[in-house]
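> Following this message is one structure expressed as structure tokens.
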Amino acid sequence: MTLHRGLNEWLEEVVALCKPDAVRWCDGSEGEFRELCRLMMDTGTLVQLNPTYRPNSYLARSDPADTARVEDRTFICCEKESDAGPTNHWEAPDKMRARLKELFSGCMRGRTLYVIPYSMGPVGSHIAKIGVQLTDSPYVVANMQIMARVGSRVLKYLGEDGPFVRGLHSVGHPLAEPRQPDLSWPCNAQNKYICHFPETREILSFGSGYGGNALLGKKCHALRIASAQARDEGWLAEHMLILKITPPGGKAHYVCAAFPSACGKTNLAMLIPTLPHWKVECLGDDIAWMKFGADGRLYAINPEAGFFGVAPGTSYETNYNAMRTLDANCIFTNCALTPGGDVWWEGMTEQPPLKLVDWLRRPWTPDCGRTAAHPNARFTAPARQCPVIADDWQDPRGVPVSAILFGGRRASVMPLVNESFDWRHGTFLGSIMSSERTAAATGNVGELRFDPFAMLPFCGYHMGDYFAHWLELGRQADPAKLPRIYYVNWFRKNETGKFLWPGYGENSRVLKWIIERCEGRAQAVDTPIGRLPTRDALDVDGVEVDPADLEVLLNCNREAWLKDLPAIRKHYDRFGARLPGELREELEALDRRLRERA
Ligand code: O2Y
Ligand code: MN
């Protein structure tokens with residue numbers, strides 16, 4: 001209950017439209033979490049895992065038609081189509097509201113409407129923002145409890161007239177008869193809509209109960225709506241992990257990093273350095289909000305409180321710290337179930353168990369020819385449980401950022417690490433982030449897929465304007481206080497397809513060079529594409545990398561870069577007149593430098 005008039009009026013409107021049987025204000029307590037999990041065990045949504053292995057943890061199996069974010073059903077609904085830009089699906093707000101009004105009408109019959117007040121970021125932080133999600137999904141409530149700060153303390157902070165982002169969500173499956181049995185994963189696969197109204201800071205999500213479609217604090221609020229808010233208010237809402245790195249006997253530095261999916265973002269966030277006495281700690285694995293402090297430096301918070309990570313591929317070998325984070329108090333979605341009542345997924349152990357129940361609840365054996373877990377199977381885990389969570393991960397002031405990393409998955413062309421000349425050049429590097437198409441993706445293998453700033457599916461407005469916003473922040477700031485910007489590539493291969501760099505914990509060597517550059521202690525050589533480590537500046541003591549491979553990793557290959565330029569030009573052409581002239585100039589300057597005699 002609240003005295004907030006705006007919230008009460010909105011709730012009344014939603015109740016009149018959606019017609020739930022009951023309304024429940026979520027307090028965010030442990031008791032509430034356990035009660036909702038019990039309720040979901042009764043409806044078959046959850047199975048409790050064996051508490052000997054994983055106390056207070058559960059497995060959910062979704063409808064097979066509801067297993068991932070649905071980009072083709074994701075809309076930015078702003079007044080002018082041109083403001084959504086070429087990378088978003090657009091619909092006129094009035095038209096979309098009318099369509100959704102029909103769908104939401106009576107959609108919560110037979111269900112409880114849960115009111116989830118949540119804070120993205122530590123409650124009361126000047127960088128944090130409040131949202132309220134109204135949902136008919138107890139699965140969403142339980143996951144939001146892990147992923148955000150939820151409940152009474154948020155409501156109290158919101159007061160009687162505080163601003164908040166409105167998020168309305170329904171699985172879109174009313175229970176017509178009072179005693180109609182529920183489905184274990186109710187959804188409305190034919191009518192999914194994930195709609196954002198950046199001008200009025202609203203989210204309307206219908207038909208899906210899964211992840212980024214339904215946990216509205218995450219991608220919908222913390223990236224799509226927040227990116228528009230950040231543009232209006234002079235800050236940055238980014239798809240970036242945050243890590244803390246401390247040299248032996250030295251001062252801690254904070255690094256934010258943006259990578260497209262399947263580039264090991266969670267692994268980097270929780271990396272175990274191979275370099276003796278270097279320490280890496282985690283503040284966040286997916287999203288960073290950054291604001292300038294009174295001292296002119298850029299400060300970051302992780303708006304989230306948990307990790308919604310991809311399970312397949314996660315193991316004690318690839319990410320020990322993530323595995324330990326999953327020891328208790330987690331929700332697993334679309335993983336396989338072992339006979340002993342634990343979860344399993346591909347890559348978790350070298351040998352799969354002899355018998356499992358797969359994510360579709362079918363008996364599974366290693367020779368059956370199917371994967372046991374869905375490739376997008378997830379864990380929802382409290383960040384505080386991460387063994388290397390930094391002690392200041394919830395500092396309401398945020399942490400000062402020394403460096404920003406961009407990266408992609410490039411088998412060729414991109415060196416291991418490249419330092420931008422300045423913020424503007426760094427913005428250019430972020431805008432041309434790309435990976436090569438793999439056989440799994442549709443299209444021509446090897447063709448470049450651009451994902452600028454890893455924000456392609458998450459920017460709530462025209463991406464050309466987003467580039468301009470980055471440039472503008474750089475212009476307003478003291479250049480000496482801005483984070484340095486780097487482009488990294490852990491995925492360079494030779495002609496036989498072998499990775500040239502070992503990756504994982506060895507990436508700490510690249511972080512070391514970056515930190516030493518920030519402290520003015522490491523050497524670099526100017527090249528046409530940026531500043532690369534000199535051969536002896538990168539610490540490769542004790543790592544097995546062929547000197548010839550190292551040469552390739554730390555080299556600017558002019559011919560290969562020149563071959564990439566037409567694809568970059570074509571990528572830029574998408575943004576038409578809204579591509580900032582400075583970025584076009586950066587591209588032409590790069591072209592000139594590449595053609596100059598070495
Ligand atoms: O498939 C989903 O619904 C989740 S997508 C996701 C989840 C956690 C972190 N990142 C992502 C992403 O797509 O970038
Ligand atoms: Mn992400």
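If you're wondering about the labels, chains in the structure tokens are A, B, ... by order shown, residues count from 1 in each chain, ligands from 1 in order shown.
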How would you report the residues lying within 12 Å of ligand 2, as a PDB file with N, CA and C atoms, in the first residue's frame, if you count only C-alpha atoms and all ligand atoms?

ATOM      1  N   ARG A  69      14.541 -13.691 -25.591  1.00  0.00           N
ATOM      2  CA  ARG A  69      14.034 -12.378 -25.972  1.00  0.00           C
ATOM      3  C   ARG A  69      13.515 -12.446 -27.406  1.00  0.00           C
ATOM      4  N   GLY A 211      12.646 -14.101 -19.183  1.00  0.00           N
ATOM      5  CA  GLY A 211      13.844 -13.247 -19.160  1.00  0.00           C
ATOM      6  C   GLY A 211      13.641 -11.804 -19.541  1.00  0.00           C
ATOM      7  N   GLY A 212      14.395 -11.394 -20.545  1.00  0.00           N
ATOM      8  CA  GLY A 212      14.414 -10.003 -20.955  1.00  0.00           C
ATOM      9  C   GLY A 212      13.056  -9.478 -21.402  1.00  0.00           C
ATOM     10  N   LYS A 218      15.283  -5.136 -16.261  1.00  0.00           N
ATOM     11  CA  LYS A 218      16.556  -5.424 -16.906  1.00  0.00           C
ATOM     12  C   LYS A 218      16.701  -4.684 -18.241  1.00  0.00           C
ATOM     13  N   LYS A 219      16.475  -5.397 -19.338  1.00  0.00           N
ATOM     14  CA  LYS A 219      16.741  -4.783 -20.645  1.00  0.00           C
ATOM     15  C   LYS A 219      15.758  -3.638 -20.941  1.00  0.00           C
ATOM     16  N   CYS A 220      14.480  -3.833 -20.565  1.00  0.00           N
ATOM     17  CA  CYS A 220      13.460  -2.842 -20.925  1.00  0.00           C
ATOM     18  C   CYS A 220      13.703  -1.518 -20.207  1.00  0.00           C
ATOM     19  N   ALA A 222      16.420  -0.835 -17.666  1.00  0.00           N
ATOM     20  CA  ALA A 222      17.807  -0.402 -17.415  1.00  0.00           C
ATOM     21  C   ALA A 222      18.567  -0.078 -18.696  1.00  0.00           C
ATOM     22  N   LEU A 223      18.072  -0.546 -19.860  1.00  0.00           N
ATOM     23  CA  LEU A 223      18.741  -0.171 -21.112  1.00  0.00           C
ATOM     24  C   LEU A 223      17.849   0.668 -22.039  1.00  0.00           C
ATOM     25  N   GLU A 238      24.454   1.794 -20.203  1.00  0.00           N
ATOM     26  CA  GLU A 238      25.218   0.978 -21.143  1.00  0.00           C
ATOM     27  C   GLU A 238      25.133  -0.518 -20.858  1.00  0.00           C
ATOM     28  N   HIS A 239      25.315  -1.293 -21.932  1.00  0.00           N
ATOM     29  CA  HIS A 239      25.288  -2.760 -21.854  1.00  0.00           C
ATOM     30  C   HIS A 239      26.712  -3.219 -21.505  1.00  0.00           C
ATOM     31  N   MET A 240      27.122  -2.963 -20.266  1.00  0.00           N
ATOM     32  CA  MET A 240      28.526  -3.174 -19.889  1.00  0.00           C
ATOM     33  C   MET A 240      28.658  -3.863 -18.534  1.00  0.00           C
ATOM     34  N   LEU A 241      29.639  -4.734 -18.442  1.00  0.00           N
ATOM     35  CA  LEU A 241      30.019  -5.283 -17.139  1.00  0.00           C
ATOM     36  C   LEU A 241      30.862  -4.232 -16.409  1.00  0.00           C
ATOM     37  N   ALA A 257      32.999  -2.763 -19.547  1.00  0.00           N
ATOM     38  CA  ALA A 257      33.268  -3.408 -20.840  1.00  0.00           C
ATOM     39  C   ALA A 257      31.992  -3.856 -21.518  1.00  0.00           C
ATOM     40  N   ALA A 258      31.910  -3.540 -22.818  1.00  0.00           N
ATOM     41  CA  ALA A 258      30.736  -3.906 -23.632  1.00  0.00           C
ATOM     42  C   ALA A 258      31.137  -4.957 -24.654  1.00  0.00           C
ATOM     43  N   PHE A 259      30.419  -6.073 -24.670  1.00  0.00           N
ATOM     44  CA  PHE A 259      30.623  -7.132 -25.661  1.00  0.00           C
ATOM     45  C   PHE A 259      29.265  -7.616 -26.136  1.00  0.00           C
ATOM     46  N   PRO A 260      29.155  -7.998 -27.396  1.00  0.00           N
ATOM     47  CA  PRO A 260      27.913  -8.635 -27.839  1.00  0.00           C
ATOM     48  C   PRO A 260      27.773  -9.990 -27.136  1.00  0.00           C
ATOM     49  N   SER A 261      26.599 -10.622 -27.252  1.00  0.00           N
ATOM     50  CA  SER A 261      26.406 -11.905 -26.571  1.00  0.00           C
ATOM     51  C   SER A 261      27.383 -12.947 -27.132  1.00  0.00           C
ATOM     52  N   ALA A 262      27.651 -13.964 -26.309  1.00  0.00           N
ATOM     53  CA  ALA A 262      28.553 -15.074 -26.656  1.00  0.00           C
ATOM     54  C   ALA A 262      30.008 -14.640 -26.793  1.00  0.00           C
ATOM     55  N   CYS A 263      30.399 -13.607 -26.067  1.00  0.00           N
ATOM     56  CA  CYS A 263      31.802 -13.179 -26.067  1.00  0.00           C
ATOM     57  C   CYS A 263      32.430 -13.330 -24.688  1.00  0.00           C
ATOM     58  N   GLY A 264      31.749 -14.028 -23.764  1.00  0.00           N
ATOM     59  CA  GLY A 264      32.344 -14.299 -22.456  1.00  0.00           C
ATOM     60  C   GLY A 264      32.301 -13.117 -21.501  1.00  0.00           C
ATOM     61  N   LYS A 265      31.202 -12.361 -21.547  1.00  0.00           N
ATOM     62  CA  LYS A 265      31.100 -11.168 -20.699  1.00  0.00           C
ATOM     63  C   LYS A 265      31.089 -11.531 -19.212  1.00  0.00           C
ATOM     64  N   THR A 266      30.270 -12.537 -18.860  1.00  0.00           N
ATOM     65  CA  THR A 266      30.202 -12.937 -17.446  1.00  0.00           C
ATOM     66  C   THR A 266      31.548 -13.526 -17.013  1.00  0.00           C
ATOM     67  N   GLY A 284      29.481  -6.098 -11.613  1.00  0.00           N
ATOM     68  CA  GLY A 284      28.288  -6.351 -12.415  1.00  0.00           C
ATOM     69  C   GLY A 284      28.674  -7.086 -13.676  1.00  0.00           C
ATOM     70  N   ASP A 285      27.729  -7.835 -14.267  1.00  0.00           N
ATOM     71  CA  ASP A 285      28.085  -8.624 -15.451  1.00  0.00           C
ATOM     72  C   ASP A 285      27.336  -8.215 -16.713  1.00  0.00           C
ATOM     73  N   ASP A 286      26.463  -7.180 -16.624  1.00  0.00           N
ATOM     74  CA  ASP A 286      25.657  -6.922 -17.824  1.00  0.00           C
ATOM     75  C   ASP A 286      25.387  -5.443 -18.116  1.00  0.00           C
ATOM     76  N   ILE A 287      25.092  -4.660 -17.078  1.00  0.00           N
ATOM     77  CA  ILE A 287      24.644  -3.284 -17.329  1.00  0.00           C
ATOM     78  C   ILE A 287      25.394  -2.321 -16.409  1.00  0.00           C
ATOM     79  N   ALA A 288      25.771  -1.168 -16.968  1.00  0.00           N
ATOM     80  CA  ALA A 288      26.396  -0.113 -16.154  1.00  0.00           C
ATOM     81  C   ALA A 288      25.705   1.212 -16.434  1.00  0.00           C
ATOM     82  N   GLU A 304      21.678  -3.524 -11.395  1.00  0.00           N
ATOM     83  CA  GLU A 304      21.055  -4.800 -11.044  1.00  0.00           C
ATOM     84  C   GLU A 304      21.592  -5.322  -9.699  1.00  0.00           C
ATOM     85  N   PHE A 307      22.485 -11.826 -11.283  1.00  0.00           N
ATOM     86  CA  PHE A 307      22.978 -12.233 -12.610  1.00  0.00           C
ATOM     87  C   PHE A 307      21.923 -13.108 -13.264  1.00  0.00           C
ATOM     88  N   PHE A 308      21.572 -12.780 -14.508  1.00  0.00           N
ATOM     89  CA  PHE A 308      20.676 -13.642 -15.279  1.00  0.00           C
ATOM     90  C   PHE A 308      21.533 -14.227 -16.393  1.00  0.00           C
ATOM     91  N   GLY A 309      22.323 -15.246 -16.028  1.00  0.00           N
ATOM     92  CA  GLY A 309      23.384 -15.694 -16.926  1.00  0.00           C
ATOM     93  C   GLY A 309      23.013 -16.910 -17.752  1.00  0.00           C
ATOM     94  N   VAL A 310      23.719 -17.054 -18.888  1.00  0.00           N
ATOM     95  CA  VAL A 310      23.533 -18.236 -19.727  1.00  0.00           C
ATOM     96  C   VAL A 310      24.203 -19.426 -19.039  1.00  0.00           C
ATOM     97  N   PHE A 453      28.484  -0.670 -29.700  1.00  0.00           N
ATOM     98  CA  PHE A 453      28.417  -0.562 -28.234  1.00  0.00           C
ATOM     99  C   PHE A 453      27.659  -1.743 -27.612  1.00  0.00           C
ATOM    100  N   ALA A 454      27.452  -2.843 -28.361  1.00  0.00           N
ATOM    101  CA  ALA A 454      26.619  -3.981 -27.933  1.00  0.00           C
ATOM    102  C   ALA A 454      25.215  -3.500 -27.560  1.00  0.00           C
ATOM    103  N   MET A 455      24.771  -2.411 -28.193  1.00  0.00           N
ATOM    104  CA  MET A 455      23.487  -1.798 -27.839  1.00  0.00           C
ATOM    105  C   MET A 455      22.439  -1.954 -28.937  1.00  0.00           C
ATOM    106  N   LEU A 456      22.774  -2.670 -29.998  1.00  0.00           N
ATOM    107  CA  LEU A 456      21.840  -2.753 -31.130  1.00  0.00           C
ATOM    108  C   LEU A 456      20.417  -3.134 -30.697  1.00  0.00           C
ATOM    109  N   PRO A 457      20.237  -4.190 -29.869  1.00  0.00           N
ATOM    110  CA  PRO A 457      18.856  -4.522 -29.482  1.00  0.00           C
ATOM    111  C   PRO A 457      18.353  -3.705 -28.289  1.00  0.00           C
ATOM    112  N   PHE A 458      19.174  -2.809 -27.760  1.00  0.00           N
ATOM    113  CA  PHE A 458      18.822  -2.202 -26.466  1.00  0.00           C
ATOM    114  C   PHE A 458      18.776  -0.681 -26.443  1.00  0.00           C
TER     115      PHE A 458
END
> If you count only C-alpha atoms, which residues fall within 12 Å of Asp367 in chain A, apart from same-chain ones fewer than 5 positions away, as a list of chain:residue names?
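Contacts, in chain order: A:Pro352, A:Pro353, A:Leu354, A:Lys355, A:Leu356, A:Ala372.
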> Would you give me, as a PyMOL selection string, the residues in range 120-349 of chain A that DSSP reads as strand (DSSP E or B)?
chain A and resi 120+129-135+149-150+165-170+193-197+202-206+236-238+241-246+253-258+279-284+288-292+298-301+306-310+331-333+336-337+343-344
> For Arg409 in chain A, work out the shell of residues within 8 Å, counting only C-alpha atoms and skipping chain neighbours fewer than 4 positions away, then give it as a PDB file with N, CA and C atoms, in the first residue's frame.

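Here's the written file result-v2.pdb:
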ATOM      1  N   CYS A 263      30.399 -13.607 -26.067  1.00  0.00           N
ATOM      2  CA  CYS A 263      31.802 -13.179 -26.067  1.00  0.00           C
ATOM      3  C   CYS A 263      32.430 -13.330 -24.688  1.00  0.00           C
ATOM      4  N   SER A 434      32.042  -5.147 -34.022  1.00  0.00           N
ATOM      5  CA  SER A 434      31.470  -6.139 -34.933  1.00  0.00           C
ATOM      6  C   SER A 434      32.031  -7.516 -34.638  1.00  0.00           C
ATOM      7  N   SER A 435      31.284  -8.514 -35.091  1.00  0.00           N
ATOM      8  CA  SER A 435      31.743  -9.900 -35.038  1.00  0.00           C
ATOM      9  C   SER A 435      31.549 -10.488 -36.430  1.00  0.00           C
ATOM     10  N   GLU A 436      32.319 -11.549 -36.710  1.00  0.00           N
ATOM     11  CA  GLU A 436      32.109 -12.223 -37.990  1.00  0.00           C
ATOM     12  C   GLU A 436      30.941 -13.184 -37.851  1.00  0.00           C
ATOM     13  N   ASN A 489      40.100  -7.951 -28.410  1.00  0.00           N
ATOM     14  CA  ASN A 489      39.624  -9.100 -29.198  1.00  0.00           C
ATOM     15  C   ASN A 489      40.344 -10.362 -28.717  1.00  0.00           C
ATOM     16  N   TRP A 490      39.627 -11.184 -27.957  1.00  0.00           N
ATOM     17  CA  TRP A 490      40.234 -12.416 -27.422  1.00  0.00           C
ATOM     18  C   TRP A 490      40.166 -13.562 -28.439  1.00  0.00           C
ATOM     19  N   PHE A 491      39.571 -13.329 -29.606  1.00  0.00           N
ATOM     20  CA  PHE A 491      39.133 -14.447 -30.450  1.00  0.00           C
ATOM     21  C   PHE A 491      39.867 -14.549 -31.784  1.00  0.00           C
ATOM     22  N   ARG A 492      41.029 -13.953 -31.870  1.00  0.00           N
ATOM     23  CA  ARG A 492      41.813 -13.997 -33.116  1.00  0.00           C
ATOM     24  C   ARG A 492      42.272 -15.438 -33.386  1.00  0.00           C
TER      25      ARG A 492
END
> I'd like the neighbourhood of Thr438 in chain A as a list in words, where a residue qualifies if any of its atoms comes within 12 Å (using only C-alpha atoms), though same-chain residues fewer than 5 positions away should be ignored.
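Counting only the stated atoms, we get Ala262, Arg409, Arg410, Ala411, Gly443, Asn444, Val445, Gly446, Glu447, Leu448 and Arg449 of chain A.
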> Hey, can you spit out that residue selection with C-alpha atoms as a PDB file, in the first residue's frame?

ATOM      1  CA  ALA A 262      28.553 -15.074 -26.656  1.00  0.00           C
ATOM      2  CA  ARG A 409      34.464 -11.880 -31.788  1.00  0.00           C
ATOM      3  CA  ARG A 410      36.890 -11.374 -34.671  1.00  0.00           C
ATOM      4  CA  ALA A 411      38.929 -14.275 -36.070  1.00  0.00           C
ATOM      5  CA  GLY A 443      23.673 -15.074 -43.750  1.00  0.00           C
ATOM      6  CA  ASN A 444      27.134 -15.322 -45.267  1.00  0.00           C
ATOM      7  CA  VAL A 445      29.787 -16.896 -43.053  1.00  0.00           C
ATOM      8  CA  GLY A 446      32.581 -14.398 -42.367  1.00  0.00           C
ATOM      9  CA  GLU A 447      30.417 -11.360 -43.156  1.00  0.00           C
ATOM     10  CA  LEU A 448      30.666  -8.630 -40.493  1.00  0.00           C
ATOM     11  CA  ARG A 449      27.734  -8.172 -38.143  1.00  0.00           C
TER      12      ARG A 449
END
> Write out, as JSON lines, each residue of range 348-429 of chain A that has an atom at most 10 Å from range 505-522 of chain A, together with the closest pair of atoms and their distance in Å to one decimal, counting only C-alpha atoms, rows going by chain and rising number.

{"residue": "A:Ser402", "atom": "CA", "partner": "A:Cys518", "partner_atom": "CA", "distance": 6.9}
{"residue": "A:Ala403", "atom": "CA", "partner": "A:Cys518", "partner_atom": "CA", "distance": 7.6}
{"residue": "A:Ile404", "atom": "CA", "partner": "A:Ile514", "partner_atom": "CA", "distance": 9.8}
{"residue": "A:Leu405", "atom": "CA", "partner": "A:Ile514", "partner_atom": "CA", "distance": 9.5}
{"residue": "A:Leu416", "atom": "CA", "partner": "A:Val510", "partner_atom": "CA", "distance": 8.0}
{"residue": "A:Val417", "atom": "CA", "partner": "A:Val510", "partner_atom": "CA", "distance": 7.1}
{"residue": "A:Asn418", "atom": "CA", "partner": "A:Ile514", "partner_atom": "CA", "distance": 9.5}
{"residue": "A:Glu419", "atom": "CA", "partner": "A:Ile514", "partner_atom": "CA", "distance": 8.2}
> Okay, now the selection with N, CA and C atoms, as a compact mmCIF listing (two decimals), in the first residue's frame?

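Final output, out33.txt:
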# COMPACT_ATOMS: atom_id res chain seq x y z
N SER A 402 38.14 4.00 -14.82
CA SER A 402 39.44 4.34 -15.43
C SER A 402 39.45 4.02 -16.92
N ALA A 403 38.76 2.92 -17.29
CA ALA A 403 38.83 2.49 -18.70
C ALA A 403 37.52 1.87 -19.13
N ILE A 404 37.23 2.05 -20.41
CA ILE A 404 36.05 1.41 -21.03
C ILE A 404 36.57 0.52 -22.15
N LEU A 405 36.08 -0.72 -22.18
CA LEU A 405 36.52 -1.68 -23.20
C LEU A 405 35.35 -1.99 -24.13
N LEU A 416 44.76 -7.87 -30.45
CA LEU A 416 44.36 -8.28 -29.10
C LEU A 416 43.84 -7.09 -28.30
N VAL A 417 44.52 -5.96 -28.44
CA VAL A 417 44.07 -4.76 -27.72
C VAL A 417 44.55 -3.53 -28.47
N ASN A 418 43.71 -2.51 -28.46
CA ASN A 418 44.00 -1.29 -29.19
C ASN A 418 43.48 -0.10 -28.37
N GLU A 419 44.36 0.83 -28.06
CA GLU A 419 43.94 2.00 -27.27
C GLU A 419 43.53 3.13 -28.20
> Between A:Asp539, A:Glu177, A:Asp422, A:Asp66, which one has atoms that come closest to ligand 1, using only C-alpha atoms and all ligand atoms?
A:Asp66
> Here is a test: counting only C-alpha atoms, which residue of A:Met414, A:Ile568, A:Ala468, A:Ile272 is nearest to Leu554 in chain A?
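Of the candidates, the smallest distance to Leu554 in chain A is held by A:Met414.
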> Point out the residue among A:Pro163, A:Gly131, A:Gly121, A:Pro375 with the least atom-to-atom distance to ligand 1, counting only C-alpha atoms and all ligand atoms.
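Of all the options, A:Pro375 lies closest to ligand 1.
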> Any idea what's packed within 8 Å of Tyr139 in chain A, counting only C-alpha atoms, ignoring anything in its chain fewer than 3 positions away? Could you give it as a list in words?
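Counting only C-alpha atoms, the residues come to Leu36, Cys37, Met40, Thr45, Ala142, Asn143 and Gly209 of chain A.
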> May I have the selected residues written with N, CA, C and O atoms, as a short mmCIF file (atom, residue, chain, number, x, y, z; two decimals), in the first residue's frame?

data_model
loop_
_atom_site.label_atom_id
_atom_site.label_comp_id
_atom_site.auth_asym_id
_atom_site.auth_seq_id
_atom_site.Cartn_x
_atom_site.Cartn_y
_atom_site.Cartn_z
N LEU A 36 5.90 -17.75 -2.66
CA LEU A 36 5.59 -17.78 -4.11
C LEU A 36 6.20 -19.02 -4.77
O LEU A 36 5.60 -19.60 -5.67
N CYS A 37 7.37 -19.43 -4.29
CA CYS A 37 7.98 -20.63 -4.87
C CYS A 37 7.12 -21.86 -4.55
O CYS A 37 6.93 -22.74 -5.40
N MET A 40 4.24 -21.89 -6.86
CA MET A 40 4.64 -22.30 -8.22
C MET A 40 4.99 -23.78 -8.28
O MET A 40 4.90 -24.39 -9.34
N THR A 45 5.08 -24.99 -12.09
CA THR A 45 6.02 -24.05 -12.71
C THR A 45 7.44 -24.34 -12.23
O THR A 45 8.40 -24.26 -13.00
N ALA A 142 9.51 -13.59 -8.29
CA ALA A 142 10.63 -14.27 -7.64
C ALA A 142 11.95 -13.89 -8.32
O ALA A 142 12.96 -13.64 -7.64
N ASN A 143 11.96 -13.81 -9.64
CA ASN A 143 13.18 -13.44 -10.36
C ASN A 143 13.55 -11.97 -10.12
O ASN A 143 14.73 -11.63 -9.97
N GLY A 209 6.67 -14.82 -20.61
CA GLY A 209 7.05 -14.83 -19.19
C GLY A 209 8.54 -14.92 -19.02
O GLY A 209 9.04 -15.08 -17.90
#
